[in-house]
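Enquirer: Contents of entry.tsv (TSV, C-alpha atoms) are given next:
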```tsv
chain	number	residue	atom	x	y	z
G	14	MET	CA	52.09	-66.33	-106.48
G	15	ILE	CA	53.26	-68.44	-103.53
G	16	ASN	CA	53.49	-65.28	-101.46
G	17	ILE	CA	49.88	-64.34	-102.18
G	18	LEU	CA	48.77	-67.88	-101.38
G	19	SER	CA	50.59	-67.78	-98.05
G	20	TYR	CA	48.99	-64.47	-97.20
G	21	VAL	CA	45.58	-65.89	-98.06
G	22	CYS	CA	46.24	-68.84	-95.75
G	23	ILE	CA	47.34	-66.59	-92.90
G	24	VAL	CA	44.36	-64.27	-93.30
G	25	ILE	CA	41.99	-67.25	-93.35
G	26	GLY	CA	43.67	-68.46	-90.16
G	27	LEU	CA	43.23	-65.06	-88.55
G	28	VAL	CA	39.56	-65.01	-89.49
G	29	PHE	CA	39.19	-68.46	-87.93
G	30	TRP	CA	40.98	-67.22	-84.80
G	31	PHE	CA	38.62	-64.30	-84.32
G	32	TRP	CA	35.64	-66.45	-85.16
G	33	GLY	CA	36.60	-69.08	-82.62
G	34	THR	CA	37.73	-66.73	-79.89
G	35	TRP	CA	34.85	-64.27	-80.02
G	36	PRO	CA	32.32	-66.65	-78.33
G	37	LEU	CA	34.63	-66.72	-75.30
G	38	LEU	CA	33.37	-63.30	-74.32
G	39	GLY	CA	29.74	-64.36	-74.21
G	40	SER	CA	28.05	-66.05	-71.30
G	41	ARG	CA	27.47	-69.42	-72.94
G	42	SER	CA	28.32	-72.75	-71.36
G	43	VAL	CA	31.85	-74.07	-71.16
G	44	LEU	CA	31.18	-76.84	-73.68
G	45	PHE	CA	29.83	-74.45	-76.31
G	46	LYS	CA	32.88	-72.24	-75.96
G	47	LEU	CA	35.16	-75.27	-75.98
G	48	HIS	CA	33.60	-76.50	-79.21
G	49	SER	CA	34.07	-73.24	-81.09
G	50	LEU	CA	37.48	-72.74	-79.57
G	51	SER	CA	38.86	-76.18	-80.31
G	52	VAL	CA	37.51	-76.39	-83.86
G	53	ALA	CA	38.07	-72.86	-85.11
G	54	ASP	CA	41.22	-72.18	-83.12
G	55	THR	CA	42.95	-75.35	-84.23
G	56	LEU	CA	41.93	-74.88	-87.86
G	57	GLY	CA	43.02	-71.24	-87.74
G	58	SER	CA	46.37	-72.07	-86.20
G	59	MET	CA	46.94	-74.83	-88.75
G	60	ALA	CA	46.05	-72.46	-91.60
G	61	ILE	CA	48.54	-69.93	-90.26
G	62	VAL	CA	51.27	-72.54	-89.98
G	63	VAL	CA	50.53	-73.74	-93.53
G	64	GLY	CA	50.82	-70.13	-94.68
G	65	LEU	CA	54.19	-69.89	-92.97
G	66	LEU	CA	55.21	-73.20	-94.54
G	67	LEU	CA	54.45	-71.83	-98.02
G	68	ARG	CA	56.48	-68.77	-97.21
G	69	ILE	CA	59.61	-70.51	-96.00
G	70	PRO	CA	59.67	-74.07	-97.38
G	71	HIS	CA	63.17	-74.86	-96.14
G	72	GLU	CA	62.02	-74.91	-92.50
G	73	TRP	CA	59.52	-77.63	-93.30
G	74	PRO	CA	60.49	-80.22	-90.64
G	75	LEU	CA	59.89	-77.71	-87.89
G	76	LEU	CA	56.61	-76.41	-89.23
G	77	VAL	CA	55.28	-79.87	-90.04
G	78	LEU	CA	56.11	-80.88	-86.48
G	79	GLY	CA	54.19	-77.83	-85.32
G	80	LEU	CA	51.24	-78.80	-87.50
G	81	ILE	CA	51.17	-82.35	-86.17
G	82	SER	CA	51.45	-81.30	-82.54
G	83	LEU	CA	48.74	-78.68	-83.06
G	84	ALA	CA	46.36	-81.22	-84.55
G	85	ILE	CA	47.00	-83.91	-81.96
G	86	TRP	CA	47.41	-81.87	-78.81
G	87	ASN	CA	44.50	-79.53	-79.35
G	88	THR	CA	42.16	-82.42	-80.06
G	89	VAL	CA	43.30	-84.31	-76.98
G	90	LEU	CA	43.16	-81.15	-74.92
G	91	GLY	CA	39.61	-80.50	-76.05
G	92	TYR	CA	38.58	-83.96	-74.91
G	93	VAL	CA	40.43	-83.61	-71.59
G	94	LEU	CA	38.95	-80.21	-70.83
G	95	ALA	CA	35.44	-81.36	-71.71
G	96	TYR	CA	35.84	-84.47	-69.55
G	97	CYS	CA	37.21	-82.53	-66.62
G	98	SER	CA	34.71	-79.69	-66.74
G	99	THR	CA	31.62	-81.88	-66.94
G	100	GLN	CA	32.67	-84.18	-64.12
G	101	GLU	CA	31.61	-81.74	-61.43
G	102	ASP	CA	28.00	-81.60	-62.62
G	103	SER	CA	27.31	-85.27	-62.19
R	18	MET	CA	68.84	-57.91	-84.49
R	19	SER	CA	69.12	-55.76	-87.55
R	20	HIS	CA	65.48	-55.69	-88.59
R	21	SER	CA	64.09	-55.05	-85.15
R	22	ALA	CA	64.05	-51.33	-85.85
R	23	ILE	CA	61.52	-51.87	-88.61
R	24	THR	CA	59.26	-54.08	-86.57
R	25	ASP	CA	59.55	-52.22	-83.32
R	26	ASN	CA	55.94	-51.13	-83.11
R	27	TYR	CA	54.46	-54.60	-82.62
R	28	LEU	CA	57.12	-55.32	-80.04
R	29	TYR	CA	55.86	-52.51	-77.85
R	30	VAL	CA	52.31	-53.81	-78.03
R	31	ILE	CA	53.45	-57.29	-77.05
R	32	MET	CA	55.44	-55.87	-74.15
R	33	VAL	CA	52.31	-54.20	-72.76
R	34	LEU	CA	50.67	-57.61	-72.36
R	35	LEU	CA	53.13	-58.72	-69.67
R	36	PRO	CA	52.30	-56.11	-66.98
R	37	LEU	CA	48.64	-56.57	-67.89
R	38	ALA	CA	48.81	-60.30	-67.15
R	39	ALA	CA	50.88	-59.64	-64.02
R	40	LEU	CA	48.27	-57.20	-62.73
R	41	MET	CA	45.55	-59.76	-63.34
R	42	LEU	CA	47.58	-62.30	-61.37
R	43	VAL	CA	48.18	-59.98	-58.43
R	44	ILE	CA	44.55	-59.02	-57.88
R	45	GLN	CA	43.37	-62.63	-57.70
R	46	THR	CA	42.30	-63.85	-54.27
R	47	SER	CA	41.53	-67.50	-54.95
R	48	PRO	CA	44.67	-69.64	-55.18
R	49	TYR	CA	43.40	-71.84	-58.03
R	50	GLN	CA	42.30	-68.91	-60.16
R	51	ALA	CA	45.70	-67.38	-59.53
R	52	LEU	CA	47.36	-70.56	-60.79
R	53	VAL	CA	45.44	-70.38	-64.08
R	54	ILE	CA	46.35	-66.71	-64.47
R	55	ARG	CA	49.95	-67.65	-63.71
R	56	GLY	CA	49.81	-69.96	-66.71
R	57	ILE	CA	48.59	-67.10	-68.88
R	58	LEU	CA	51.39	-64.91	-67.53
R	59	GLY	CA	53.90	-67.65	-68.31
R	60	ALA	CA	52.65	-67.99	-71.89
R	61	VAL	CA	52.83	-64.24	-72.48
R	62	ALA	CA	56.28	-64.07	-70.87
R	63	ALA	CA	57.54	-66.91	-73.09
R	64	LEU	CA	56.22	-65.04	-76.13
R	65	ILE	CA	58.03	-61.87	-75.12
R	66	TYR	CA	61.30	-63.64	-74.39
R	67	ALA	CA	61.16	-65.44	-77.74
R	68	VAL	CA	60.34	-62.23	-79.63
R	69	LEU	CA	63.19	-60.44	-77.93
R	70	GLY	CA	65.55	-63.19	-79.04
R	71	GLY	CA	66.07	-65.09	-75.81
R	72	ALA	CA	65.13	-68.53	-77.03
R	73	ASP	CA	66.62	-70.35	-74.05
R	74	VAL	CA	64.88	-68.07	-71.56
R	75	ALA	CA	61.57	-68.59	-73.33
R	76	LEU	CA	61.99	-72.35	-73.27
R	77	THR	CA	62.86	-72.28	-69.56
R	78	GLU	CA	59.89	-70.08	-68.81
R	79	ALA	CA	57.54	-72.42	-70.62
R	80	LEU	CA	58.92	-75.64	-69.18
R	81	VAL	CA	59.87	-74.67	-65.63
R	82	GLY	CA	58.03	-71.45	-64.97
R	83	THR	CA	54.72	-72.54	-66.39
R	84	MET	CA	54.54	-76.30	-66.41
R	85	LEU	CA	56.60	-77.40	-63.40
R	86	ALA	CA	55.75	-74.48	-61.11
R	87	ILE	CA	52.03	-74.66	-61.79
R	88	THR	CA	51.90	-78.40	-61.24
R	89	LEU	CA	53.89	-78.23	-58.01
R	90	TYR	CA	51.88	-75.30	-56.71
R	91	ALA	CA	48.59	-76.95	-57.60
R	92	VAL	CA	49.58	-80.05	-55.66
R	93	ALA	CA	50.84	-77.96	-52.73
R	94	VAL	CA	47.73	-75.78	-52.58
R	95	ARG	CA	45.46	-78.77	-52.91
R	96	SER	CA	47.09	-80.65	-50.05
R	97	SER	CA	47.48	-77.70	-47.70
R	98	LEU	CA	44.22	-75.77	-48.04
R	99	VAL	CA	42.11	-78.51	-46.54
R	100	MET	CA	40.21	-79.02	-43.33
R	101	ARG	CA	40.16	-82.61	-42.16
R	102	LEU	CA	37.04	-83.43	-40.19
R	103	GLY	CA	36.94	-86.71	-38.35
R	104	VAL	CA	33.64	-88.56	-38.24
R	105	LEU	CA	32.49	-91.94	-37.14
R	106	SER	CA	32.26	-94.37	-40.01
R	107	GLY	CA	29.08	-96.07	-38.90
R	108	GLU	CA	27.14	-92.85	-38.53
R	109	GLU	CA	28.18	-91.43	-41.82
R	110	VAL	CA	27.27	-94.52	-43.75
R	111	ARG	CA	24.06	-95.17	-41.93
R	112	SER	CA	22.41	-91.76	-41.99
R	113	ASN	CA	23.96	-90.10	-44.98
R	114	LEU	CA	20.86	-88.06	-45.72
R	115	HIS	CA	20.89	-86.46	-42.30
R	116	TRP	CA	24.45	-85.37	-42.74
R	117	ARG	CA	23.89	-83.79	-46.11
R	118	PRO	CA	22.60	-80.32	-45.00
R	119	LEU	CA	25.33	-79.85	-42.42
R	120	LEU	CA	28.07	-80.96	-44.80
R	121	ASN	CA	26.77	-78.72	-47.56
R	122	TYR	CA	26.68	-75.79	-45.20
R	123	LEU	CA	30.19	-76.51	-43.95
R	124	ARG	CA	31.49	-76.82	-47.51
R	125	ALA	CA	29.93	-73.50	-48.47
R	126	LEU	CA	31.35	-71.91	-45.34
R	127	LEU	CA	34.87	-73.21	-45.91
R	128	ASN	CA	34.60	-72.38	-49.59
R	129	ARG	CA	34.57	-68.73	-48.73
R	130	TYR	CA	37.95	-69.17	-47.12
R	131	HIS	CA	39.20	-71.25	-50.11
R	132	LEU	CA	39.33	-74.29	-47.88
R	133	ARG	CA	38.25	-77.78	-48.77
R	134	LEU	CA	36.42	-80.16	-46.47
R	135	GLU	CA	37.78	-83.66	-46.23
R	136	LEU	CA	35.99	-86.28	-44.16
R	137	VAL	CA	38.13	-88.82	-42.35
R	138	THR	CA	36.22	-91.77	-40.99
R	139	TYR	CA	37.13	-93.57	-37.79
R	140	ASP	CA	35.68	-96.72	-36.36
R	141	ASP	CA	34.92	-95.66	-32.81
R	142	VAL	CA	34.98	-92.62	-30.58
R	143	GLN	CA	38.26	-93.55	-28.98
R	144	THR	CA	40.28	-93.57	-32.19
R	145	LEU	CA	38.49	-90.41	-33.27
R	146	HIS	CA	39.53	-88.65	-30.10
R	147	GLN	CA	43.02	-90.04	-30.42
R	148	ALA	CA	43.26	-88.63	-33.94
R	149	LEU	CA	42.25	-85.21	-32.69
R	150	GLN	CA	44.84	-85.36	-29.94
R	151	THR	CA	47.61	-86.48	-32.27
R	152	LYS	CA	46.67	-83.74	-34.77
R	153	ASP	CA	45.63	-86.15	-37.48
R	154	VAL	CA	42.42	-84.19	-37.99
R	155	HIS	CA	41.60	-80.52	-37.47
R	156	GLY	CA	38.28	-81.28	-35.87
R	157	THR	CA	35.75	-83.96	-35.13
R	158	CYS	CA	32.05	-84.06	-35.66
R	159	LEU	CA	29.91	-86.27	-33.46
R	160	VAL	CA	26.21	-86.94	-33.28
R	161	CYS	CA	24.83	-86.80	-29.76
R	162	ARG	CA	21.45	-88.38	-29.41
R	163	PRO	CA	19.27	-87.55	-26.42
R	164	ALA	CA	19.03	-91.15	-25.41
R	165	GLU	CA	22.68	-91.93	-25.22
R	166	ALA	CA	25.66	-90.08	-23.91
R	167	VAL	CA	28.73	-90.73	-25.99
R	168	GLN	CA	31.45	-91.95	-23.73
R	169	LEU	CA	34.81	-90.43	-24.43
R	170	PRO	CA	37.96	-92.16	-23.26
R	171	ASP	CA	39.68	-90.79	-20.22
R	172	ASP	CA	42.68	-88.74	-21.12
R	173	ASP	CA	45.82	-89.77	-19.37
R	174	ARG	CA	47.75	-86.63	-20.26
R	175	PRO	CA	48.23	-84.45	-17.15
R	176	ALA	CA	48.38	-81.24	-19.20
R	177	GLN	CA	44.87	-81.76	-20.48
R	178	HIS	CA	43.25	-80.84	-17.19
R	179	SER	CA	39.74	-80.14	-18.30
R	180	ASN	CA	38.98	-82.92	-20.73
R	181	PRO	CA	35.37	-83.98	-20.44
R	182	SER	CA	34.69	-87.60	-19.89
R	183	THR	CA	31.18	-87.27	-21.19
R	184	VAL	CA	29.98	-85.20	-24.08
R	185	PRO	CA	27.02	-83.11	-22.94
R	186	VAL	CA	23.73	-83.92	-24.50
R	187	ASP	CA	21.77	-80.86	-25.47
R	188	THR	CA	18.29	-81.81	-26.42
R	189	LEU	CA	17.27	-78.35	-27.53
R	190	GLU	CA	20.14	-77.64	-29.86
R	191	SER	CA	21.43	-79.42	-32.93
R	192	PRO	CA	22.56	-83.00	-32.37
R	193	TYR	CA	25.91	-82.33	-34.03
R	194	LEU	CA	28.88	-81.44	-31.90
R	195	ILE	CA	31.96	-80.17	-33.70
R	196	THR	CA	35.16	-80.16	-31.71
R	197	LEU	CA	37.90	-78.04	-33.23
R	198	ARG	CA	41.59	-78.04	-32.53
R	199	VAL	CA	42.74	-75.04	-34.56
R	200	PRO	CA	41.93	-71.62	-33.00
R	201	ARG	CA	41.36	-69.90	-36.34
R	202	LEU	CA	38.87	-72.51	-37.44
R	203	TYR	CA	37.12	-72.16	-34.09
R	204	GLU	CA	36.86	-68.42	-34.66
R	205	ILE	CA	35.36	-68.92	-38.12
R	206	PHE	CA	32.94	-71.57	-36.96
R	207	THR	CA	31.69	-69.69	-33.92
R	208	THR	CA	31.07	-66.51	-35.84
R	209	GLU	CA	29.59	-67.96	-39.02
R	210	LEU	CA	27.99	-71.27	-38.19
R	211	PRO	CA	24.47	-70.84	-36.79
R	212	PRO	CA	23.82	-72.77	-33.56
R	213	VAL	CA	20.92	-74.65	-35.09
R	214	MET	CA	23.30	-76.37	-37.49
R	215	ALA	CA	25.83	-77.63	-35.00
R	216	GLN	CA	27.39	-76.88	-31.67
R	217	VAL	CA	30.99	-75.79	-31.87
R	218	LYS	CA	33.50	-76.48	-29.18
R	219	ALA	CA	37.22	-75.94	-28.95
R	220	LEU	CA	39.45	-78.78	-27.87
R	221	GLY	CA	40.31	-78.62	-24.22
R	222	ASP	CA	37.23	-76.69	-23.35
R	223	ASP	CA	34.68	-77.97	-20.90
R	224	GLY	CA	31.76	-76.94	-23.03
R	225	LEU	CA	29.18	-77.96	-20.49
R	226	ASP	CA	27.09	-74.86	-20.91
R	227	ASP	CA	26.37	-72.41	-23.66
R	228	LEU	CA	29.55	-71.68	-25.52
R	229	ARG	CA	28.28	-68.98	-27.79
R	230	THR	CA	27.48	-66.38	-25.15
R	231	GLY	CA	29.42	-66.43	-21.94
R	232	ASP	CA	32.18	-68.94	-22.26
R	233	ARG	CA	33.76	-67.79	-25.45
R	234	GLN	CA	36.61	-65.90	-23.83
R	235	PRO	CA	37.97	-68.79	-21.76
R	236	ALA	CA	37.43	-71.10	-24.68
R	237	LEU	CA	39.50	-68.94	-26.97
R	238	ALA	CA	42.18	-68.48	-24.37
R	239	ASP	CA	42.35	-72.19	-23.92
R	240	ALA	CA	42.42	-72.88	-27.63
R	241	SER	CA	45.11	-70.36	-28.36
R	242	THR	CA	47.57	-72.38	-26.32
R	243	LEU	CA	47.37	-75.11	-28.90
R	244	THR	CA	49.67	-74.80	-31.82
R	245	GLU	CA	48.30	-74.23	-35.26
R	246	ASP	CA	49.95	-76.44	-37.77
R	247	ASP	CA	48.62	-75.41	-41.14
K	7	MET	CA	53.47	-59.16	-91.89
K	8	THR	CA	53.47	-56.63	-89.06
K	9	ALA	CA	49.76	-56.08	-89.66
K	10	VAL	CA	49.26	-59.83	-89.30
K	11	LEU	CA	51.08	-59.75	-85.97
K	12	MET	CA	49.00	-56.79	-84.82
K	13	ALA	CA	45.82	-58.71	-85.66
K	14	MET	CA	47.20	-61.67	-83.72
K	15	ILE	CA	47.82	-59.47	-80.69
K	16	ALA	CA	44.23	-58.24	-80.96
K	17	ALA	CA	43.06	-61.86	-81.07
K	18	LEU	CA	45.24	-62.56	-78.03
K	19	LEU	CA	43.56	-59.76	-76.10
K	20	ILE	CA	40.13	-61.41	-76.36
K	21	PRO	CA	40.90	-64.42	-74.11
K	22	MET	CA	42.81	-62.15	-71.74
K	23	VAL	CA	39.74	-59.98	-71.29
K	24	GLU	CA	37.72	-63.16	-70.84
K	25	ALA	CA	40.13	-64.45	-68.18
K	26	PHE	CA	39.89	-61.11	-66.43
K	27	GLN	CA	36.14	-60.81	-66.31
K	28	ASP	CA	34.92	-64.38	-65.83
K	29	GLU	CA	35.02	-65.89	-62.36
K	30	ASP	CA	34.40	-69.49	-63.36
K	31	ILE	CA	37.60	-71.49	-63.29
K	32	TRP	CA	36.77	-73.58	-66.39
K	33	GLN	CA	36.15	-70.49	-68.48
K	34	ARG	CA	39.56	-69.29	-67.35
K	35	MET	CA	41.08	-72.62	-68.30
K	36	LEU	CA	39.59	-72.21	-71.78
K	37	ALA	CA	41.10	-68.75	-72.01
K	38	PHE	CA	44.43	-70.19	-70.87
K	39	ALA	CA	44.27	-72.89	-73.54
K	40	SER	CA	43.49	-70.29	-76.19
K	41	ILE	CA	46.32	-68.03	-75.07
K	42	ALA	CA	48.83	-70.90	-74.93
K	43	THR	CA	48.07	-71.89	-78.54
K	44	LYS	CA	48.02	-68.32	-79.78
K	45	THR	CA	51.32	-67.30	-78.19
K	46	SER	CA	53.16	-70.29	-79.59
K	47	VAL	CA	51.78	-69.69	-83.10
K	48	MET	CA	52.86	-66.07	-82.71
K	49	ILE	CA	56.35	-67.23	-81.79
K	50	LEU	CA	56.35	-69.32	-84.98
K	51	VAL	CA	55.24	-66.31	-87.05
K	52	VAL	CA	57.98	-64.16	-85.57
K	53	SER	CA	60.55	-66.86	-86.24
K	54	VAL	CA	59.52	-67.04	-89.91
K	55	LEU	CA	59.46	-63.27	-90.10
K	56	ARG	CA	63.03	-63.08	-88.90
K	57	ASP	CA	64.07	-66.35	-90.54
K	58	ASP	CA	65.34	-67.57	-87.20
K	59	TRP	CA	65.34	-71.35	-86.84
K	60	MET	CA	66.15	-71.19	-83.13
K	61	ILE	CA	63.07	-69.21	-82.14
K	62	GLY	CA	60.92	-71.45	-84.34
K	63	MET	CA	62.13	-74.52	-82.53
K	64	VAL	CA	61.29	-72.93	-79.17
K	65	GLY	CA	57.83	-72.14	-80.53
K	66	VAL	CA	57.21	-75.72	-81.56
K	67	LEU	CA	58.48	-77.00	-78.20
K	68	ILE	CA	56.23	-74.63	-76.29
K	69	LEU	CA	53.33	-75.61	-78.53
K	70	SER	CA	53.74	-79.28	-77.75
K	71	VAL	CA	54.70	-79.00	-74.07
K	72	GLY	CA	52.52	-76.10	-72.95
K	73	ASN	CA	49.38	-78.14	-73.57
K	74	ALA	CA	50.66	-80.90	-71.32
K	75	ALA	CA	50.80	-78.46	-68.41
K	76	LEU	CA	47.24	-77.49	-69.17
K	77	MET	CA	46.03	-81.06	-69.01
K	78	LEU	CA	47.80	-81.67	-65.70
K	79	LEU	CA	46.23	-78.56	-64.23
K	80	ALA	CA	42.80	-79.53	-65.57
K	81	HIS	CA	43.00	-82.93	-63.91
K	82	ILE	CA	44.07	-81.46	-60.58
K	83	ILE	CA	41.21	-78.95	-60.68
K	84	ARG	CA	38.80	-81.74	-61.54
K	85	ARG	CA	39.98	-83.78	-58.57
K	86	LEU	CA	39.37	-80.72	-56.48
K	87	SER	CA	35.86	-80.24	-57.82
K	88	GLU	CA	34.93	-83.78	-56.86
K	89	VAL	CA	35.30	-82.95	-53.20
K	90	MET	CA	34.23	-79.34	-53.34
K	91	GLU	CA	31.06	-78.80	-55.32
K	92	GLU	CA	30.60	-75.66	-57.35
K	93	TYR	CA	33.93	-74.00	-56.89
```
As structure tokens - that is how I would like this structure written.
Expert:
Amino acid sequence: MINILSYVCIVIGLVFWFWGTWPLLGSRSVLFKLHSLSVADTLGSMAIVVGLLLRIPHEWPLLVLGLISLAIWNTVLGYVLAYCSTQEDS
Amino acid sequence: MSHSAITDNYLYVIMVLLPLAALMLVIQTSPYQALVIRGILGAVAALIYAVLGGADVALTEALVGTMLAITLYAVAVRSSLVMRLGVLSGEEVRSNLHWRPLLNYLRALLNRYHLRLELVTYDDVQTLHQALQTKDVHGTCLVCRPAEAVQLPDDDRPAQHSNPSTVPVDTLESPYLITLRVPRLYEIFTTELPPVMAQVKALGDDGLDDLRTGDRQPALADASTLTEDD
Amino acid sequence: MTAVLMAMIAALLIPMVEAFQDEDIWQRMLAFASIATKTSVMILVVSVLRDDWMIGMVGVLILSVGNAALMLLAHIIRRLSEVMEEY
């Protein structure tokens, strides 16, 4: 039961990964790509880590640390990249 | 690693990514693009080292190889790939709009050589010339108006035999006079900068007549005696 | 689990292709950010697959530190773009 749930989480994360990464190949603006990348990529990565957490619960401190750093760093990085890439237009 | 025999097939696929990223890095010409690709290479390398079981190597690659090296190289590239052009402060502030086309053209020109243009302002012509002599700037840009002849200070160095005391005023050509110290920059500027934008002159050259046709050979010979420091 | 890793490698190839074909430096930075996150999550998956705490710790460290390098590089490139328009 737990195993199936973890697989479901990981597959959802993979779907999010492809969904968020696929717009990178198009010729849209940087901010559009950054939006899809930061939202879908972070959610996908967090879903994958949650799937791994369900699989091996005894490594929880490590994986929870990974979850927290994913959530914080990717959000901050999204802001920093957006700030830095729009500065040259003004 | 007992179970690596079972999971060998994904290992091979991961291993292919490393030469792929390395190839991408090698064919880059721009230094900043190469730095970004170096980050990608570092991430892939850390992944491979971790998958192969070398946790310490992966950590070192991520911390030193990617983070420290990229930061140091970015700072080094940023501070070395720059052309410092000395200008007079009063002129730049006063007639900024007149400078704009020339500066844009120069930036686009230097951009092709991955160089950056940095303007250094000086208060008067004397300090500007001093900065060029003491290699503070790579070149100077002066505006010569037909009405006035910009008076340069007399050089007291005996080696500088042919220093002009007066910058020639060419009423037909562009009012901008760029004096360059570095021979390579002089080469680039004489071949790619059209004469209507600015006149180009090497340091230590008389430059009284047309530089772009007849006097290029002595100018280059004179400029090549100067040392290039970047 | 191997199939999951294979799919992850396929997802990793997308930003690499993007970094190869796009000349704009910010698009490449985006690809770099994507690759940095993806490789560290892959390290975590491999560590769980092998039940290896050591590799997992390296994955978490790279996850939290690799992004810092990205931000430093982004700021340096932005400082560069202020002086040199349209790099």
Enquirer: One decimal, Å: what's the distance from atom CA of R:Asn26 over to atom CA of R:Leu69, could you say?
Expert: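 Between these atoms lies a distance of 12.9 Å.
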Enquirer: When you draw a straight line from atom CA of R:Thr157 to atom CA of R:Val94, how long is it in Å?
Expert: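 So the two atoms, atom CA of R:Thr157 and atom CA of R:Val94, lie 22.7 Å apart.
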Enquirer: Would you mind reading off the distance between atom CA of R:Val43 and atom CA of K:Asp30, one decimal, in Å?
Expert: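 Taking atom CA of R:Val43 and atom CA of K:Asp30, their separation equals 17.5 Å.
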Enquirer: Compile the contact shell of R:Asp141 as a PyMOL selection string: residues with an atom at most 8 Å away, counting all atoms listed in the file, same-chain residues fewer than 4 positions apart removed.
Expert: chain R and resi 105-106+145
Enquirer: Pull C-alpha atoms from the residues just selected and write them as a PDB file, in the coordinates of the input.
Expert:
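See again14.pdb below for the written result:
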```pdb
ATOM      1  CA  LEU R 105      32.490 -91.940 -37.140  1.00  0.00           C
ATOM      2  CA  SER R 106      32.260 -94.370 -40.010  1.00  0.00           C
ATOM      3  CA  LEU R 145      38.490 -90.410 -33.270  1.00  0.00           C
TER       4      LEU R 145
END
```
Enquirer: Using only C-alpha atoms, I'd like every residue of chain G that has an atom within 8 Å of chain K; please write them out as a count of residues only.
Expert: 35
Enquirer: Could you please select, counting all atoms listed in the file, the residues of chain K within 6 Å of chain R and state them as a PyMOL selection string?
Expert: chain K and resi 38+42+45+61+64+75
Enquirer: List the spatial neighbours of G:Ser19 as a ChimeraX atom specification - criterion: any atom at most 8 Å away, all atoms listed in the file, same-chain residues fewer than 4 positions off excluded.
Expert: /G:15,23,63-68
